[in-house]
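Have a look at input.csv; it's CSV, C-alpha atoms:
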```csv
chain,number,residue,atom,x,y,z
A,27,MET,CA,-20.8,-63.4,20.5
A,28,LYS,CA,-21.9,-60.9,23.1
A,29,LYS,CA,-18.4,-60.8,24.6
A,30,ILE,CA,-17.0,-60.0,21.1
A,31,LEU,CA,-19.5,-57.2,20.5
A,32,GLY,CA,-18.8,-55.8,24.0
A,33,SER,CA,-15.1,-55.8,23.3
A,34,LEU,CA,-15.6,-54.0,20.0
A,35,LEU,CA,-17.7,-51.4,21.8
A,36,LEU,CA,-15.1,-50.8,24.5
A,37,LEU,CA,-12.4,-50.6,21.8
A,38,SER,CA,-14.4,-48.0,19.8
A,39,LEU,CA,-15.0,-45.9,22.9
A,40,SER,CA,-11.3,-46.1,23.9
A,41,LEU,CA,-10.3,-44.9,20.4
A,42,TRP,CA,-12.3,-41.7,21.0
A,43,ALA,CA,-11.8,-41.3,24.7
A,44,LYS,CA,-11.5,-37.5,24.9
A,45,SER,CA,-8.9,-35.9,27.0
A,46,THR,CA,-9.9,-33.5,29.8
A,47,TYR,CA,-9.0,-29.8,29.6
A,48,GLU,CA,-9.4,-26.7,31.6
A,49,TRP,CA,-9.7,-23.1,30.3
A,50,SER,CA,-8.6,-20.0,32.1
A,51,VAL,CA,-9.5,-16.5,30.7
A,52,GLN,CA,-8.2,-13.2,31.9
A,53,LEU,CA,-9.2,-9.7,30.7
A,54,GLN,CA,-6.7,-7.0,31.5
A,55,GLN,CA,-9.3,-4.5,32.9
A,56,LYS,CA,-12.9,-4.7,33.8
A,57,GLN,CA,-13.6,-1.0,33.1
A,58,ILE,CA,-12.2,0.8,30.0
A,59,TYR,CA,-12.9,3.8,27.8
A,60,LEU,CA,-14.3,3.9,24.3
A,61,ASN,CA,-11.6,2.9,21.7
A,62,GLN,CA,-9.2,1.9,24.4
A,63,ALA,CA,-7.2,-1.3,23.8
A,64,ILE,CA,-7.1,-4.1,26.4
A,65,THR,CA,-5.5,-7.6,26.3
A,66,LEU,CA,-7.4,-10.8,26.6
A,67,ASN,CA,-5.5,-13.9,27.6
A,68,MET,CA,-6.9,-17.4,27.0
A,69,GLN,CA,-5.2,-20.6,28.1
A,70,CYS,CA,-6.2,-24.2,27.7
A,71,ARG,CA,-4.5,-26.9,29.7
A,72,PHE,CA,-5.0,-30.5,28.6
A,73,ASP,CA,-4.4,-33.6,30.6
A,74,LYS,CA,-1.6,-36.0,29.6
A,75,ASP,CA,-3.8,-37.7,27.0
A,76,GLY,CA,-4.4,-34.4,25.1
A,77,LYS,CA,-1.0,-34.2,23.5
A,78,ASN,CA,-2.5,-34.6,20.0
A,79,ASP,CA,-5.5,-32.3,20.6
A,80,ASP,CA,-6.0,-28.8,19.4
A,81,VAL,CA,-8.1,-25.7,19.6
A,82,GLU,CA,-9.9,-23.5,17.1
A,83,PHE,CA,-11.1,-20.0,18.1
A,84,VAL,CA,-13.1,-17.6,16.1
A,85,PRO,CA,-13.7,-14.2,17.9
A,86,PRO,CA,-17.4,-13.4,18.4
A,87,SER,CA,-18.9,-11.0,15.9
A,88,ASP,CA,-22.1,-10.1,17.8
A,89,ILE,CA,-20.3,-7.7,20.2
A,90,PRO,CA,-18.8,-4.2,19.4
A,91,PHE,CA,-15.2,-5.2,19.8
A,92,ASP,CA,-12.3,-5.5,17.4
A,93,PHE,CA,-10.2,-8.6,18.1
A,94,LYS,CA,-6.5,-8.5,17.0
A,95,LEU,CA,-4.4,-11.6,17.6
A,96,LEU,CA,-1.2,-10.7,19.4
A,97,SER,CA,0.3,-14.2,20.0
A,98,GLU,CA,-0.4,-17.9,19.8
A,99,ASN,CA,1.7,-20.4,21.7
A,100,ARG,CA,1.7,-24.2,22.1
A,101,HIS,CA,4.0,-25.9,24.5
A,102,PHE,CA,4.3,-28.8,27.0
A,103,GLU,CA,4.8,-28.8,30.7
A,104,GLY,CA,5.9,-32.4,31.3
A,105,GLU,CA,3.2,-34.5,29.5
A,106,ARG,CA,0.6,-31.8,29.5
A,107,GLN,CA,0.0,-29.7,26.4
A,108,ILE,CA,-0.8,-26.0,27.0
A,109,ILE,CA,-2.3,-23.7,24.3
A,110,SER,CA,-2.2,-19.9,25.0
A,111,LEU,CA,-3.9,-17.2,22.9
A,112,GLU,CA,-3.5,-13.5,23.5
A,113,TYR,CA,-5.8,-11.0,21.8
A,114,LEU,CA,-5.9,-7.2,21.8
A,115,LEU,CA,-9.5,-5.8,22.0
A,116,PHE,CA,-10.7,-2.4,20.9
A,117,ALA,CA,-14.0,-1.3,22.3
A,118,LYS,CA,-16.2,0.3,19.6
A,119,LYS,CA,-19.2,1.2,21.7
A,120,ALA,CA,-19.9,2.4,25.2
A,121,GLY,CA,-22.0,0.2,27.6
A,122,ALA,CA,-21.8,-2.9,29.7
A,123,PHE,CA,-21.0,-6.1,27.9
A,124,SER,CA,-20.7,-9.8,28.5
A,125,ILE,CA,-18.1,-11.3,26.2
A,126,LYS,CA,-18.9,-15.0,25.4
A,127,LEU,CA,-16.0,-17.0,24.2
A,128,GLU,CA,-16.7,-20.3,22.5
A,129,PRO,CA,-13.5,-22.1,21.3
A,130,THR,CA,-13.9,-25.4,19.4
A,131,MET,CA,-12.0,-28.3,20.9
A,132,LEU,CA,-10.4,-30.8,18.4
A,133,PHE,CA,-9.8,-34.3,19.8
A,134,THR,CA,-7.6,-36.6,17.8
A,135,SER,CA,-6.9,-40.2,18.9
A,136,GLN,CA,-3.5,-41.8,18.5
A,137,SER,CA,-5.0,-44.6,16.4
A,138,ALA,CA,-6.4,-42.0,14.0
A,139,ILE,CA,-2.9,-40.5,13.6
A,140,ASP,CA,-1.4,-44.0,13.1
A,141,ASN,CA,-3.9,-44.8,10.4
A,142,VAL,CA,-2.8,-41.7,8.4
A,143,ILE,CA,0.9,-42.4,9.0
A,144,ILE,CA,0.7,-46.0,7.7
A,145,GLY,CA,-1.5,-44.9,4.8
A,146,ARG,CA,-4.5,-47.2,5.2
A,147,ASP,CA,-6.7,-47.3,2.0
A,148,ASN,CA,-9.9,-46.2,3.8
A,149,VAL,CA,-8.3,-43.2,5.6
A,150,ASN,CA,-7.5,-40.0,3.7
A,151,ASP,CA,-7.7,-37.3,6.3
A,152,LEU,CA,-6.9,-37.1,10.0
A,153,GLU,CA,-10.2,-37.9,11.9
A,154,THR,CA,-11.0,-35.5,14.7
A,155,GLU,CA,-14.0,-35.1,17.0
A,156,LYS,CA,-15.1,-31.6,17.7
A,157,GLU,CA,-16.7,-30.1,20.8
A,158,ARG,CA,-17.6,-26.6,21.8
A,159,ALA,CA,-16.0,-25.5,25.0
A,160,GLU,CA,-18.2,-23.8,27.6
A,161,ILE,CA,-16.4,-20.8,29.2
A,162,ALA,CA,-17.9,-18.4,31.7
A,163,PRO,CA,-18.4,-15.0,29.9
A,164,VAL,CA,-16.1,-12.2,30.9
A,165,LYS,CA,-17.8,-8.9,31.7
A,166,VAL,CA,-16.5,-5.4,30.9
A,167,THR,CA,-17.8,-1.9,31.1
A,168,VAL,CA,-16.9,0.6,28.4
A,169,LEU,CA,-17.2,4.3,29.4
A,170,PRO,CA,-18.1,6.9,26.8
A,171,THR,CA,-15.8,9.6,25.5
A,172,ALA,CA,-16.3,12.7,23.4
A,173,SER,CA,-13.5,11.8,21.0
A,174,SER,CA,-12.9,9.0,18.4
A,175,LEU,CA,-9.2,8.8,19.5
A,176,THR,CA,-8.0,7.3,22.7
A,177,GLY,CA,-4.5,6.9,24.1
A,178,THR,CA,-1.4,8.9,24.8
A,179,MET,CA,-0.3,11.2,21.9
A,180,ARG,CA,1.7,14.3,21.0
A,181,ILE,CA,1.9,16.4,17.9
A,182,GLU,CA,4.9,17.8,16.1
A,183,THR,CA,5.0,20.2,13.0
A,184,LYS,CA,7.8,21.6,10.9
A,185,ASN,CA,8.2,23.7,7.8
A,186,ASP,CA,11.3,24.1,5.7
A,187,ILE,CA,11.2,27.9,5.2
A,188,GLN,CA,9.5,30.9,6.8
A,189,THR,CA,10.1,33.3,3.8
A,190,ALA,CA,9.5,32.2,0.2
A,191,SER,CA,9.5,33.7,-3.3
A,192,ALA,CA,6.3,34.0,-5.1
A,193,TYR,CA,5.1,30.5,-6.4
A,194,GLU,CA,8.0,28.8,-4.5
A,195,PRO,CA,6.6,25.7,-2.6
A,196,VAL,CA,6.6,25.8,1.2
A,197,HIS,CA,6.9,22.3,2.6
A,198,PHE,CA,5.1,21.5,5.8
A,199,GLU,CA,4.9,18.2,7.9
A,200,VAL,CA,2.5,17.1,10.6
A,201,SER,CA,3.5,14.1,12.8
A,202,ILE,CA,1.5,12.5,15.6
A,203,ARG,CA,3.4,10.0,17.9
A,204,GLY,CA,2.1,7.8,20.7
A,205,ASP,CA,0.0,4.8,21.3
A,206,GLY,CA,-3.7,3.9,21.3
A,207,ASN,CA,-6.0,3.7,18.4
A,208,LEU,CA,-3.7,5.6,16.1
A,209,GLN,CA,-5.2,3.7,13.1
A,210,GLY,CA,-8.3,5.9,13.6
A,211,LEU,CA,-6.4,9.1,12.5
A,212,GLN,CA,-7.8,10.7,9.4
A,213,ASP,CA,-5.9,12.6,6.7
A,214,LEU,CA,-5.8,16.3,7.2
A,215,ASN,CA,-7.1,18.9,4.7
A,216,PHE,CA,-6.2,22.6,4.5
A,217,GLU,CA,-8.3,25.3,2.9
A,218,ILE,CA,-6.3,28.5,2.6
A,219,GLU,CA,-7.5,31.4,0.5
A,220,ASN,CA,-5.4,32.1,-2.6
A,221,VAL,CA,-3.0,29.2,-1.7
A,222,GLU,CA,-2.7,26.0,-3.7
A,223,VAL,CA,-2.3,23.0,-1.4
A,224,PHE,CA,-0.7,19.8,-2.4
A,225,SER,CA,-0.6,16.8,-0.1
A,226,ASP,CA,0.7,13.2,0.4
A,227,GLU,CA,-1.5,10.5,1.8
A,228,ALA,CA,-0.6,10.0,5.5
A,229,GLN,CA,2.3,7.6,6.2
A,230,LYS,CA,1.6,5.1,9.1
A,231,SER,CA,4.4,3.4,10.8
A,232,PHE,CA,2.8,1.3,13.6
A,233,SER,CA,3.4,-1.8,15.7
A,234,LEU,CA,0.7,-3.6,17.5
A,235,GLY,CA,1.2,-4.1,21.3
A,236,GLU,CA,-0.5,-4.2,24.6
A,237,LYS,CA,-1.2,-0.4,24.4
A,238,GLY,CA,-2.7,-0.6,21.0
A,239,TYR,CA,-1.1,0.8,17.9
A,240,SER,CA,2.2,2.4,18.8
A,241,GLY,CA,4.3,4.5,16.4
A,242,ILE,CA,4.1,7.6,14.3
A,243,TRP,CA,1.6,9.0,11.8
A,244,THR,CA,2.9,11.6,9.3
A,245,GLN,CA,1.4,13.7,6.5
A,246,ARG,CA,3.3,16.1,4.3
A,247,PHE,CA,2.1,19.2,2.4
A,248,ALA,CA,3.4,21.8,0.0
A,249,PHE,CA,1.8,25.3,-0.2
A,250,VAL,CA,2.2,27.5,-3.3
A,251,ALA,CA,1.2,31.2,-3.2
A,252,LYS,CA,2.0,34.7,-4.5
A,253,ASP,CA,1.1,36.6,-1.4
A,254,ASP,CA,1.7,36.2,2.4
A,255,PHE,CA,-0.4,33.5,4.0
A,256,THR,CA,-0.8,31.6,7.3
A,257,ILE,CA,-0.6,27.9,7.8
A,258,PRO,CA,-3.5,27.3,10.2
A,259,ALA,CA,-3.1,25.6,13.5
A,260,VAL,CA,-3.8,21.9,13.6
A,261,SER,CA,-6.3,20.7,16.2
A,262,ILE,CA,-7.1,17.1,16.9
A,263,HIS,CA,-9.3,16.0,19.9
A,264,TYR,CA,-8.5,12.8,21.8
A,265,PHE,CA,-9.1,11.2,25.1
A,266,ASP,CA,-5.9,11.0,27.2
A,267,LEU,CA,-5.6,7.7,29.1
A,268,THR,CA,-2.9,9.1,31.4
A,269,SER,CA,-5.0,12.0,32.8
A,270,LYS,CA,-8.3,10.4,32.0
A,271,GLU,CA,-9.7,13.5,30.4
A,272,GLU,CA,-10.4,15.0,27.0
A,273,LYS,CA,-7.5,16.9,25.4
A,274,VAL,CA,-6.6,18.6,22.2
A,275,LEU,CA,-3.4,18.0,20.1
A,276,LYS,CA,-2.8,21.6,18.9
A,277,SER,CA,0.1,23.1,16.8
A,278,GLU,CA,0.9,26.8,16.4
A,279,ALA,CA,-0.2,28.8,13.3
A,280,ILE,CA,2.7,29.6,11.1
A,281,GLU,CA,3.1,33.0,9.2
A,282,ILE,CA,4.7,32.6,5.8
A,283,SER,CA,6.1,35.8,4.1
A,284,ILE,CA,6.2,35.9,0.3
A,285,ASN,CA,9.0,37.9,-1.4
A,286,LYS,CA,7.1,39.6,-4.3
A,287,GLU,CA,10.4,40.3,-6.0
A,288,GLY,CA,10.9,36.6,-6.5
A,289,ILE,CA,9.7,34.4,-9.3
A,290,LYS,CA,7.0,36.0,-11.5
A,291,VAL,CA,4.2,34.0,-12.9
A,292,GLU,CA,4.9,35.3,-16.4
A,293,ASP,CA,8.4,33.9,-16.2
A,294,LEU,CA,7.1,30.3,-15.8
A,295,VAL,CA,7.5,28.0,-18.8
A,296,ASP,CA,3.9,26.9,-18.8
A,297,LYS,CA,1.4,29.7,-18.1
A,298,VAL,CA,-1.4,27.4,-16.8
A,299,ASP,CA,-3.4,27.6,-13.6
A,300,LEU,CA,-2.3,25.4,-10.7
A,301,PRO,CA,-4.7,22.7,-9.8
A,302,SER,CA,-7.6,24.0,-7.7
A,303,GLN,CA,-8.2,20.7,-5.9
A,304,LYS,CA,-6.1,18.7,-3.5
A,305,ILE,CA,-3.9,16.2,-5.2
A,306,ASP,CA,-1.3,13.6,-4.2
A,307,PHE,CA,1.9,15.6,-4.1
A,308,SER,CA,4.1,12.5,-4.6
A,309,LYS,CA,2.2,11.8,-7.8
A,310,TYR,CA,2.6,15.4,-8.9
A,311,VAL,CA,6.3,15.0,-8.6
A,312,GLU,CA,6.2,11.7,-10.4
A,313,TYR,CA,4.3,13.3,-13.3
A,314,LEU,CA,6.8,16.1,-13.5
A,315,TYR,CA,9.6,13.5,-13.6
A,316,TYR,CA,7.9,11.7,-16.5
A,317,LEU,CA,7.3,15.0,-18.3
A,318,LEU,CA,10.9,16.0,-18.0
A,319,THR,CA,12.0,12.5,-19.2
A,320,PHE,CA,9.7,12.8,-22.2
A,321,MET,CA,10.9,16.3,-23.1
A,322,SER,CA,14.6,15.3,-22.8
A,323,GLY,CA,14.0,12.2,-24.9
A,324,PHE,CA,12.1,14.3,-27.5
A,325,ILE,CA,15.0,16.8,-27.6
A,326,VAL,CA,17.6,14.1,-28.0
A,327,ALA,CA,15.6,12.5,-30.7
A,328,LYS,CA,15.4,15.9,-32.5
A,329,LEU,CA,19.1,16.4,-32.2
A,330,VAL,CA,19.8,12.9,-33.5
A,331,ARG,CA,17.4,13.3,-36.5
A,332,LEU,CA,18.5,16.8,-37.4
A,333,PRO,CA,21.7,15.6,-39.3
A,334,GLN,CA,19.6,12.8,-40.9
A,335,LYS,CA,17.0,15.3,-42.1
A,336,THR,CA,19.7,17.6,-43.4
A,337,GLN,CA,21.4,14.8,-45.4
A,338,LYS,CA,18.1,13.6,-46.8
A,339,LYS,CA,17.3,17.2,-47.9
A,340,GLU,CA,20.7,17.5,-49.7
A,341,LYS,CA,20.3,14.1,-51.4
A,342,GLY,CA,16.9,15.0,-52.7
A,343,LYS,CA,18.1,18.3,-54.0
A,344,LYS,CA,20.9,16.6,-56.0
A,345,LEU,CA,18.5,14.0,-57.4
A,346,LYS,CA,16.1,16.7,-58.6
A,347,GLU,CA,18.9,18.8,-60.2
A,348,ALA,CA,20.2,15.8,-62.2
A,349,LYS,CA,19.9,16.8,-65.9
A,350,THR,CA,20.8,13.4,-67.6
A,351,ALA,CA,20.4,9.7,-67.0
A,352,LYS,CA,24.2,9.4,-66.4
A,353,GLU,CA,24.3,12.2,-63.8
A,354,LEU,CA,21.3,10.7,-62.0
A,355,LEU,CA,22.9,7.2,-62.1
A,356,GLU,CA,26.0,8.5,-60.4
A,357,HIS,CA,24.1,10.2,-57.7
A,358,LEU,CA,22.0,7.1,-56.9
A,359,ILE,CA,25.1,4.9,-56.8
A,360,VAL,CA,26.8,7.2,-54.3
A,361,CYS,CA,23.7,7.6,-52.2
A,362,ASP,CA,22.8,3.9,-51.7
A,363,LYS,CA,23.1,1.4,-54.6
A,364,ASN,CA,21.2,-1.3,-52.7
A,365,LEU,CA,18.3,1.0,-51.9
A,366,PHE,CA,18.0,2.3,-55.5
A,367,SER,CA,18.9,-1.0,-57.2
A,368,THR,CA,15.7,-0.9,-59.4
A,369,GLU,CA,16.3,2.7,-60.6
A,370,ILE,CA,20.1,2.1,-61.1
A,371,GLU,CA,19.3,-0.9,-63.3
A,372,THR,CA,16.9,1.2,-65.5
A,373,LEU,CA,19.4,4.0,-65.8
A,374,GLU,CA,22.3,1.6,-66.7
A,375,GLY,CA,20.1,0.3,-69.6
A,376,ALA,CA,19.6,3.8,-70.9
A,377,VAL,CA,23.3,4.9,-70.4
A,378,TYR,CA,25.1,1.8,-71.7
A,379,LYS,CA,22.5,0.1,-74.0
A,380,GLY,CA,20.6,3.0,-75.3
A,381,ASP,CA,17.3,2.0,-73.8
A,382,ASP,CA,14.5,4.5,-73.6
A,383,VAL,CA,13.9,6.0,-70.1
A,384,VAL,CA,11.5,8.6,-68.7
A,385,LEU,CA,13.8,10.5,-66.3
A,386,PRO,CA,11.1,12.3,-64.2
A,387,LYS,CA,9.5,8.9,-63.5
A,388,VAL,CA,12.9,7.5,-62.3
A,389,LYS,CA,13.4,10.6,-60.1
A,390,LYS,CA,10.0,10.3,-58.6
A,391,SER,CA,10.6,6.6,-57.7
A,392,ALA,CA,14.0,7.4,-56.1
A,393,LEU,CA,12.7,10.4,-54.1
A,394,ALA,CA,9.9,8.2,-52.7
A,395,LYS,CA,12.5,5.9,-51.1
A,396,LEU,CA,14.3,8.7,-49.3
```
Can the structure from this file be put into structure tokens for me?
Amino acid sequence: MKKILGSLLLLSLSLWAKSTYEWSVQLQQKQIYLNQAITLNMQCRFDKDGKNDDVEFVPPSDIPFDFKLLSENRHFEGERQIISLEYLLFAKKAGAFSIKLEPTMLFTSQSAIDNVIIGRDNVNDLETEKERAEIAPVKVTVLPTASSLTGTMRIETKNDIQTASAYEPVHFEVSIRGDGNLQGLQDLNFEIENVEVFSDEAQKSFSLGEKGYSGIWTQRFAFVAKDDFTIPAVSIHYFDLTSKEEKVLKSEAIEISINKEGIKVEDLVDKVDLPSQKIDFSKYVEYLYYLLTFMSGFIVAKLVRLPQKTQKKEKGKKLKEAKTAKELLEHLIVCDKNLFSTEIETLEGAVYKGDDVVLPKVKKSALAKL
């Protein structure tokens, strides 16, 4: 009996005999700047018995870093399974930090897999044993900067015209290209005296890579004025990783001349004030499109109904001018004998059978149907 129990115990232990594994962790840099992006590479190598095992990793939330998954890879070298994770980290606070990484190991025995495959009645889910891996913390120092943006960037601006007529929109575009924490760029606002400013929300075309967010950030504007004005210079502070110093992205101010012999406000269709607050220019155009569509539909409907109203008016006039039951009967038959079937029947009784009829009453009934 003891031998049987011992055999069962050894069998049970063998079913959950965990594979061995080894973690290697590499941080791209040990010293970085605030909001700078760095890569974190994590790799787990199992022994040959770990071909069915897996890893779960949840980035720590108790440290001031944003974790963005760049890649996840599982492959085999011979009989050894290797799981690789690559993250992009953005430092959100200056200081010295010790990043503790605690992935969860998931061990699955071959017998547990076989039980699921053959569909045993007492096995519904794949049984796994979990274990928290112990990895030596990685240390990093985050240096402070005076700006909320970090990376390598350049600014471009363009406007469609330098001279405009009064109330003619001047279109202006600001673009920032480069890489870093471009996702931290905020929409721009312009306050120009006696100028109405319309703007789009900024368009962001980014891709995530080892240098952070790379791509282009663009915001478009339209300025409407009746007098000369200046589009102010755009200034955005950032920390440049190439020179390791604070810099300013700055555009040139643009002078716009207004031709006062151009469009006059009194010539506009709607004499209303332009919006005094910033609005989404794309929505403004969309509203204008809907307004024009509505107006064109309204005009078309009017043109279609005009002949109908004219015909209705003429028919009503003839019905009112009918002096006798016979004359009224002829008009109703010509107009629409199905529509006026009741009135026609009454008038036929009066004309052909000598029945009494109140002509004004019949007219009133027929006119109500027009």
Q) Which residues, written as a PyMOL selection string, have at least one atom at most 9 Å from segment 169-180 of chain A, with all atoms listed in the file counted and residues fewer than 4 positions away on the same chain left out? A) chain A and resi 57-63+119-122+201-208+210-211+237-238+262-268+271-272+275-276
(Q) Could you check the closest approach to Glu157 of chain A for each of A:Arg106, A:Val196, A:Ser45, A:Lys184 and tell me which residue wins, using all atoms listed in the file? (A)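 Selected residue with least distance to Glu157 of chain A: A:Ser45.
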Q: Determine, counting only C-alpha atoms, which protein, DNA and RNA residues have an atom within 12 Å of an atom of Lys341 of chain A; residues of the same chain fewer than 5 positions away are not included. Present the result as a list in words.
A: Gln334, Lys335, Thr336, Lys346, Glu347, Ala348, Leu354, His357, Leu358, Ile359, Val360, Cys361, Asp362, Lys389, Ala392, Leu393, Lys395 and Leu396 of chain A
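The shortest atom-to-atom distance to Ile257 of chain A, with all atoms listed in the file taken into account, belongs to A:Ser277 out of A:Asn78, A:Ser277, A:Gln209, A:Thr154.
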Q | Counting only C-alpha atoms, the option among A:Glu199, A:Asp213, A:Glu48, A:Glu236 closest to Leu96 of chain A | A |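 Selected residue with least distance to Leu96 of chain A: A:Glu236.
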Q.
Ranking A:Lys379, A:Lys252, A:Lys352, A:His197 by minimum distance to Asp226 of chain A and counting all atoms listed in the file, which one comes first?
A.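 The shortest atom-to-atom distance to Asp226 of chain A comes from A:His197.
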Q.
Between atom CA of Phe198 of chain A and atom CA of Glu278 of chain A, what distance in Å does the model show, to one decimal?
A.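 It comes out at 12.6 Å.
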